[in-house]
Amino acid sequence: MDEVTQAVENLKKEWSQAVSQLEENITAIESCGKTGKGTEEANSLPRLNGSAQDALQLLKSLQFRLDLLAQQLPTFDEVQSGQATLKSWDEQYKKLRVSLRNANLQAKDNIRQAAQEERALLLGGGEESTIRRRNLQTKAGMTSAAESITESLRRSRQMMVQEVERNASTLATFDESTSVLRKAEGEYQGHRSLLMRTRGLLSTMQRQDVLDRIILTIGFIIFSSAVLYVVSRRIGLLTLQRKLANAIRSGSLSAEDIVAKAQHGPVALANAPAPPPIYDEL
């Protein structure tokens, strides 16, 4: 059986026990004053009402707990059944409150009638009336003391119940805070791993940036060297061409000499005698 279903069944058992106890209290309240002891039973009426109020508070607490658990039942049919049970409990709770109020009214009438009968007996003459007055005073004092002790115990019990409920609420708050902290810890661990991965990626990117700069520098040096080499070679060819042109213009070299020296290579051409300077006629 599911845990929620089992909890609902336990609530139903507690409800039945609480209703039985409350009905017994209502019956006892309603019968107050019928035995002819109006003063004694009048003193016991607050105690019975206190027990009845405790039972009503317990029923209200059970209704609240059932309302919470009904929404958590595993199947739709069970949820509907829980809602129906909650509705029937509410109607039964209202009927019990009405019965308690009617029982108190009946008890007051009974106590008033019994008190009138006792007053008539006490006002009567004779030894029997004197003995009865003494007995009533003694019983009234004992009953008053017992009722006072009972009332103090009932208040102490209510305070203990309230304290237990407060502690339960505090524990539930602590449990919720613990779960939130655990969730935050898990998120922190996830962020920490993400930050570590990000740090590794940044280190890799920095190394790659340094490597790229080295490659670009080496490439630039190679490119510059190639440009300088090409420029130097180009300047040498231009110089050679100028020398050949001057030699041909001056007549110191003929076309056959140039072809013959070209067959021996560019070094021969470079070693050719420089043509005499040509001066412009003034």
# chains A, B, ... in the order shown; residues from 1 in each chain; ligands from 1
$ residues_around --residues "Leu48 (chain A)" --least-positions-apart "5" --cutoff "9 Å" --atoms "only C-alpha atoms" --output "JSON, numbers by chain"
{"A": [25, 26, 28, 29, 53]}
$ write_last_selection --atoms "N, CA and C atoms" --output "PDB file, in the first residue's frame"
ATOM      1  N   ASN A  25     -18.386  12.660  25.522  1.00  0.00           N
ATOM      2  CA  ASN A  25     -18.394  13.932  26.266  1.00  0.00           C
ATOM      3  C   ASN A  25     -19.734  14.645  26.120  1.00  0.00           C
ATOM      4  N   ILE A  26     -20.285  14.645  24.914  1.00  0.00           N
ATOM      5  CA  ILE A  26     -21.581  15.299  24.699  1.00  0.00           C
ATOM      6  C   ILE A  26     -22.662  14.612  25.518  1.00  0.00           C
ATOM      7  N   ALA A  28     -22.204  12.948  28.301  1.00  0.00           N
ATOM      8  CA  ALA A  28     -21.977  13.271  29.713  1.00  0.00           C
ATOM      9  C   ALA A  28     -22.440  14.690  30.035  1.00  0.00           C
ATOM     10  N   ILE A  29     -22.181  15.636  29.101  1.00  0.00           N
ATOM     11  CA  ILE A  29     -22.638  17.015  29.324  1.00  0.00           C
ATOM     12  C   ILE A  29     -24.161  17.088  29.364  1.00  0.00           C
ATOM     13  N   GLN A  53     -13.917  20.484  23.711  1.00  0.00           N
ATOM     14  CA  GLN A  53     -13.226  21.444  22.841  1.00  0.00           C
ATOM     15  C   GLN A  53     -11.913  20.866  22.318  1.00  0.00           C
TER      16      GLN A  53
END
$ residues_around --residues "Val4 (chain A)" --least-positions-apart "3" --cutoff "8 Å" --atoms "only C-alpha atoms" --output "compact mmCIF listing (two decimals) with all heavy atoms, in the first residue's frame"
# COMPACT_ATOMS: atom_id res chain seq x y z
N ALA A 7 -1.39 6.61 5.28
CA ALA A 7 -1.58 7.76 6.17
C ALA A 7 -3.04 8.18 6.22
O ALA A 7 -3.57 8.54 7.28
CB ALA A 7 -0.70 8.92 5.71
N VAL A 8 -3.73 8.11 5.07
CA VAL A 8 -5.16 8.46 5.04
C VAL A 8 -5.97 7.46 5.86
O VAL A 8 -6.88 7.84 6.61
CB VAL A 8 -5.66 8.50 3.57
CG1 VAL A 8 -7.18 8.63 3.53
CG2 VAL A 8 -5.03 9.67 2.82
N LEU A 69 -3.37 15.52 2.38
CA LEU A 69 -3.02 14.20 1.84
C LEU A 69 -3.90 13.79 0.66
O LEU A 69 -3.46 13.00 -0.19
CB LEU A 69 -3.14 13.14 2.96
CG LEU A 69 -2.12 13.25 4.09
CD1 LEU A 69 -2.42 12.24 5.18
CD2 LEU A 69 -0.71 13.03 3.56
N GLN A 72 -2.46 14.20 -2.71
CA GLN A 72 -1.27 13.43 -3.02
C GLN A 72 -1.55 11.95 -3.25
O GLN A 72 -0.61 11.17 -3.41
CB GLN A 72 -0.26 13.57 -1.87
CG GLN A 72 0.10 15.00 -1.55
CD GLN A 72 1.04 15.12 -0.37
OE1 GLN A 72 1.67 14.16 0.04
NE2 GLN A 72 1.13 16.31 0.23
N LEU A 73 -2.82 11.56 -3.26
CA LEU A 73 -3.16 10.16 -3.49
C LEU A 73 -2.77 9.75 -4.91
O LEU A 73 -2.83 10.56 -5.85
CB LEU A 73 -4.65 9.94 -3.25
CG LEU A 73 -5.08 10.05 -1.77
CD1 LEU A 73 -6.59 10.05 -1.64
CD2 LEU A 73 -4.48 8.92 -0.95
$ residues_around --residues "Lys87 (chain A)" --least-positions-apart "3" --cutoff "12 Å" --atoms "only C-alpha atoms" --output "count of residues only"
15
$ residues_around --residues "Leu58 (chain A)" --least-positions-apart "2" --cutoff "12 Å" --atoms "only C-alpha atoms" --output "PyMOL selection string"
chain A and resi 11+14-19+21-22+51-56+60-65+93+158+161-162
$ write_last_selection --atoms "N, CA and C atoms" --output "mmCIF file, in the first residue's frame"
data_model
loop_
_atom_site.group_PDB
_atom_site.id
_atom_site.type_symbol
_atom_site.label_atom_id
_atom_site.label_comp_id
_atom_site.auth_asym_id
_atom_site.auth_seq_id
_atom_site.Cartn_x
_atom_site.Cartn_y
_atom_site.Cartn_z
ATOM 1 N N LEU A 11 -5.561 8.292 9.433
ATOM 2 C CA LEU A 11 -6.376 9.461 9.779
ATOM 3 C C LEU A 11 -7.835 9.074 10.002
ATOM 4 N N GLU A 14 -8.096 7.579 13.460
ATOM 5 C CA GLU A 14 -8.037 8.633 14.468
ATOM 6 C C GLU A 14 -9.333 9.438 14.507
ATOM 7 N N TRP A 15 -9.930 9.670 13.359
ATOM 8 C CA TRP A 15 -11.187 10.407 13.301
ATOM 9 C C TRP A 15 -12.292 9.629 14.029
ATOM 10 N N SER A 16 -12.362 8.351 13.789
ATOM 11 C CA SER A 16 -13.396 7.544 14.448
ATOM 12 C C SER A 16 -13.220 7.561 15.965
ATOM 13 N N GLN A 17 -11.979 7.440 16.439
ATOM 14 C CA GLN A 17 -11.738 7.469 17.879
ATOM 15 C C GLN A 17 -12.085 8.827 18.474
ATOM 16 N N ALA A 18 -11.706 9.898 17.775
ATOM 17 C CA ALA A 18 -12.003 11.239 18.279
ATOM 18 C C ALA A 18 -13.502 11.498 18.305
ATOM 19 N N VAL A 19 -14.213 11.036 17.287
ATOM 20 C CA VAL A 19 -15.672 11.221 17.254
ATOM 21 C C VAL A 19 -16.328 10.455 18.398
ATOM 22 N N GLN A 21 -14.993 9.674 21.301
ATOM 23 C CA GLN A 21 -14.707 10.382 22.542
ATOM 24 C C GLN A 21 -15.567 11.633 22.684
ATOM 25 N N LEU A 22 -15.734 12.375 21.573
ATOM 26 C CA LEU A 22 -16.545 13.589 21.623
ATOM 27 C C LEU A 22 -18.005 13.256 21.900
ATOM 28 N N SER A 51 -12.738 19.036 27.591
ATOM 29 C CA SER A 51 -12.422 17.808 26.846
ATOM 30 C C SER A 51 -13.098 17.811 25.476
ATOM 31 N N ALA A 52 -14.341 18.322 25.449
ATOM 32 C CA ALA A 52 -15.055 18.379 24.171
ATOM 33 C C ALA A 52 -14.381 19.347 23.202
ATOM 34 N N GLN A 53 -13.917 20.484 23.711
ATOM 35 C CA GLN A 53 -13.226 21.444 22.841
ATOM 36 C C GLN A 53 -11.913 20.866 22.318
ATOM 37 N N ASP A 54 -11.209 20.112 23.165
ATOM 38 C CA ASP A 54 -9.989 19.451 22.699
ATOM 39 C C ASP A 54 -10.296 18.461 21.580
ATOM 40 N N ALA A 55 -11.393 17.726 21.744
ATOM 41 C CA ALA A 55 -11.778 16.769 20.707
ATOM 42 C C ALA A 55 -12.145 17.487 19.413
ATOM 43 N N LEU A 56 -12.836 18.627 19.524
ATOM 44 C CA LEU A 56 -13.177 19.394 18.319
ATOM 45 C C LEU A 56 -11.913 19.916 17.616
ATOM 46 N N LYS A 60 -10.643 19.096 13.824
ATOM 47 C CA LYS A 60 -10.294 20.131 12.850
ATOM 48 C C LYS A 60 -8.889 19.883 12.308
ATOM 49 N N SER A 61 -7.975 19.461 13.174
ATOM 50 C CA SER A 61 -6.613 19.153 12.721
ATOM 51 C C SER A 61 -6.611 17.958 11.774
ATOM 52 N N LEU A 62 -7.413 16.966 12.057
ATOM 53 C CA LEU A 62 -7.493 15.797 11.170
ATOM 54 C C LEU A 62 -8.067 16.183 9.811
ATOM 55 N N GLN A 63 -9.049 17.093 9.801
ATOM 56 C CA GLN A 63 -9.585 17.572 8.520
ATOM 57 C C GLN A 63 -8.503 18.265 7.696
ATOM 58 N N PHE A 64 -7.727 19.096 8.350
ATOM 59 C CA PHE A 64 -6.659 19.808 7.642
ATOM 60 C C PHE A 64 -5.631 18.831 7.074
ATOM 61 N N ARG A 65 -5.247 17.835 7.848
ATOM 62 C CA ARG A 65 -4.270 16.849 7.372
ATOM 63 C C ARG A 65 -4.823 16.025 6.218
ATOM 64 N N TYR A 93 -18.634 17.219 11.511
ATOM 65 C CA TYR A 93 -18.057 18.168 12.471
ATOM 66 C C TYR A 93 -19.087 19.241 12.840
ATOM 67 N N GLN A 158 -2.697 21.529 26.672
ATOM 68 C CA GLN A 158 -2.833 22.358 25.476
ATOM 69 C C GLN A 158 -1.529 23.068 25.141
ATOM 70 N N VAL A 161 0.789 20.528 23.629
ATOM 71 C CA VAL A 161 0.400 20.217 22.247
ATOM 72 C C VAL A 161 0.827 21.339 21.309
ATOM 73 N N GLN A 162 0.602 22.581 21.738
ATOM 74 C CA GLN A 162 1.019 23.714 20.909
ATOM 75 C C GLN A 162 2.532 23.743 20.726
#
$ atom_distance --atom1 "CA of Gly33 (chain A)" --atom2 "CA of Asn110 (chain A)"
4.6 Å
$ atom_distance --atom1 "CA of Ala107 (chain A)" --atom2 "CA of Cys32 (chain A)"
5.1 Å
$ closest_residue --among "A:Gln106, A:Thr5, A:Ser31, A:Asn49" --to "Glu78 (chain A)" --atoms "only C-alpha atoms"
A:Thr5
$ atom_distance --atom1 "CA of Arg207 (chain A)" --atom2 "CA of Ser225 (chain A)"
27.1 Å
$ decode --residues "region 200-222 of chain A" --atoms "N, CA, C and O atoms" --output "PDB file, in the first residue's frame"
ATOM      1  N   GLY A 200      40.317  25.862 -18.073  1.00  0.00           N
ATOM      2  CA  GLY A 200      41.147  25.063 -18.974  1.00  0.00           C
ATOM      3  C   GLY A 200      41.069  25.555 -20.409  1.00  0.00           C
ATOM      4  O   GLY A 200      42.080  25.620 -21.119  1.00  0.00           O
ATOM      5  N   LEU A 201      39.832  25.921 -20.843  1.00  0.00           N
ATOM      6  CA  LEU A 201      39.689  26.442 -22.206  1.00  0.00           C
ATOM      7  C   LEU A 201      40.433  27.763 -22.383  1.00  0.00           C
ATOM      8  O   LEU A 201      41.050  28.005 -23.435  1.00  0.00           O
ATOM      9  N   LEU A 202      40.375  28.627 -21.358  1.00  0.00           N
ATOM     10  CA  LEU A 202      41.095  29.893 -21.459  1.00  0.00           C
ATOM     11  C   LEU A 202      42.606  29.664 -21.531  1.00  0.00           C
ATOM     12  O   LEU A 202      43.312  30.347 -22.295  1.00  0.00           O
ATOM     13  N   SER A 203      43.108  28.708 -20.745  1.00  0.00           N
ATOM     14  CA  SER A 203      44.541  28.394 -20.813  1.00  0.00           C
ATOM     15  C   SER A 203      44.927  27.877 -22.202  1.00  0.00           C
ATOM     16  O   SER A 203      45.950  28.267 -22.777  1.00  0.00           O
ATOM     17  N   THR A 204      44.072  27.012 -22.749  1.00  0.00           N
ATOM     18  CA  THR A 204      44.338  26.498 -24.100  1.00  0.00           C
ATOM     19  C   THR A 204      44.329  27.620 -25.135  1.00  0.00           C
ATOM     20  O   THR A 204      45.178  27.672 -26.036  1.00  0.00           O
ATOM     21  N   MET A 205      43.350  28.538 -24.989  1.00  0.00           N
ATOM     22  CA  MET A 205      43.276  29.661 -25.924  1.00  0.00           C
ATOM     23  C   MET A 205      44.494  30.573 -25.795  1.00  0.00           C
ATOM     24  O   MET A 205      45.006  31.101 -26.802  1.00  0.00           O
ATOM     25  N   GLN A 206      44.979  30.769 -24.557  1.00  0.00           N
ATOM     26  CA  GLN A 206      46.172  31.594 -24.390  1.00  0.00           C
ATOM     27  C   GLN A 206      47.392  30.946 -25.042  1.00  0.00           C
ATOM     28  O   GLN A 206      48.190  31.617 -25.718  1.00  0.00           O
ATOM     29  N   ARG A 207      47.542  29.636 -24.835  1.00  0.00           N
ATOM     30  CA  ARG A 207      48.662  28.944 -25.487  1.00  0.00           C
ATOM     31  C   ARG A 207      48.538  29.009 -27.002  1.00  0.00           C
ATOM     32  O   ARG A 207      49.523  29.213 -27.722  1.00  0.00           O
ATOM     33  N   GLN A 208      47.327  28.833 -27.509  1.00  0.00           N
ATOM     34  CA  GLN A 208      47.120  28.905 -28.951  1.00  0.00           C
ATOM     35  C   GLN A 208      47.407  30.307 -29.479  1.00  0.00           C
ATOM     36  O   GLN A 208      47.954  30.462 -30.579  1.00  0.00           O
ATOM     37  N   ASP A 209      47.069  31.336 -28.662  1.00  0.00           N
ATOM     38  CA  ASP A 209      47.356  32.709 -29.089  1.00  0.00           C
ATOM     39  C   ASP A 209      48.861  32.949 -29.185  1.00  0.00           C
ATOM     40  O   ASP A 209      49.346  33.569 -30.148  1.00  0.00           O
ATOM     41  N   VAL A 210      49.612  32.447 -28.182  1.00  0.00           N
ATOM     42  CA  VAL A 210      51.074  32.602 -28.231  1.00  0.00           C
ATOM     43  C   VAL A 210      51.647  31.872 -29.444  1.00  0.00           C
ATOM     44  O   VAL A 210      52.515  32.389 -30.167  1.00  0.00           O
ATOM     45  N   LEU A 211      51.135  30.650 -29.685  1.00  0.00           N
ATOM     46  CA  LEU A 211      51.611  29.879 -30.834  1.00  0.00           C
ATOM     47  C   LEU A 211      51.284  30.582 -32.143  1.00  0.00           C
ATOM     48  O   LEU A 211      52.119  30.626 -33.074  1.00  0.00           O
ATOM     49  N   ASP A 212      50.079  31.152 -32.225  1.00  0.00           N
ATOM     50  CA  ASP A 212      49.703  31.886 -33.440  1.00  0.00           C
ATOM     51  C   ASP A 212      50.607  33.097 -33.651  1.00  0.00           C
ATOM     52  O   ASP A 212      51.008  33.412 -34.791  1.00  0.00           O
ATOM     53  N   ARG A 213      50.956  33.785 -32.560  1.00  0.00           N
ATOM     54  CA  ARG A 213      51.849  34.948 -32.704  1.00  0.00           C
ATOM     55  C   ARG A 213      53.233  34.525 -33.188  1.00  0.00           C
ATOM     56  O   ARG A 213      53.839  35.191 -34.041  1.00  0.00           O
ATOM     57  N   ILE A 214      53.716  33.402 -32.644  1.00  0.00           N
ATOM     58  CA  ILE A 214      55.033  32.917 -33.092  1.00  0.00           C
ATOM     59  C   ILE A 214      54.996  32.557 -34.578  1.00  0.00           C
ATOM     60  O   ILE A 214      55.893  32.900 -35.360  1.00  0.00           O
ATOM     61  N   ILE A 215      53.918  31.847 -34.979  1.00  0.00           N
ATOM     62  CA  ILE A 215      53.800  31.465 -36.391  1.00  0.00           C
ATOM     63  C   ILE A 215      53.711  32.695 -37.287  1.00  0.00           C
ATOM     64  O   ILE A 215      54.348  32.768 -38.359  1.00  0.00           O
ATOM     65  N   LEU A 216      52.888  33.685 -36.833  1.00  0.00           N
ATOM     66  CA  LEU A 216      52.774  34.906 -37.643  1.00  0.00           C
ATOM     67  C   LEU A 216      54.120  35.642 -37.735  1.00  0.00           C
ATOM     68  O   LEU A 216      54.474  36.176 -38.793  1.00  0.00           O
ATOM     69  N   THR A 217      54.862  35.679 -36.630  1.00  0.00           N
ATOM     70  CA  THR A 217      56.169  36.356 -36.655  1.00  0.00           C
ATOM     71  C   THR A 217      57.134  35.661 -37.607  1.00  0.00           C
ATOM     72  O   THR A 217      57.810  36.306 -38.430  1.00  0.00           O
ATOM     73  N   ILE A 218      57.197  34.325 -37.495  1.00  0.00           N
ATOM     74  CA  ILE A 218      58.081  33.566 -38.392  1.00  0.00           C
ATOM     75  C   ILE A 218      57.655  33.743 -39.845  1.00  0.00           C
ATOM     76  O   ILE A 218      58.488  33.935 -40.756  1.00  0.00           O
ATOM     77  N   GLY A 219      56.338  33.685 -40.082  1.00  0.00           N
ATOM     78  CA  GLY A 219      55.852  33.883 -41.456  1.00  0.00           C
ATOM     79  C   GLY A 219      56.192  35.259 -41.995  1.00  0.00           C
ATOM     80  O   GLY A 219      56.572  35.410 -43.164  1.00  0.00           O
ATOM     81  N   PHE A 220      56.051  36.287 -41.100  1.00  0.00           N
ATOM     82  CA  PHE A 220      56.385  37.641 -41.540  1.00  0.00           C
ATOM     83  C   PHE A 220      57.868  37.769 -41.873  1.00  0.00           C
ATOM     84  O   PHE A 220      58.255  38.424 -42.849  1.00  0.00           O
ATOM     85  N   ILE A 221      58.716  37.127 -41.021  1.00  0.00           N
ATOM     86  CA  ILE A 221      60.171  37.174 -41.295  1.00  0.00           C
ATOM     87  C   ILE A 221      60.496  36.488 -42.619  1.00  0.00           C
ATOM     88  O   ILE A 221      61.274  37.002 -43.451  1.00  0.00           O
ATOM     89  N   ILE A 222      59.884  35.310 -42.841  1.00  0.00           N
ATOM     90  CA  ILE A 222      60.131  34.598 -44.104  1.00  0.00           C
ATOM     91  C   ILE A 222      59.652  35.423 -45.291  1.00  0.00           C
ATOM     92  O   ILE A 222      60.329  35.538 -46.332  1.00  0.00           O
TER      93      ILE A 222
END
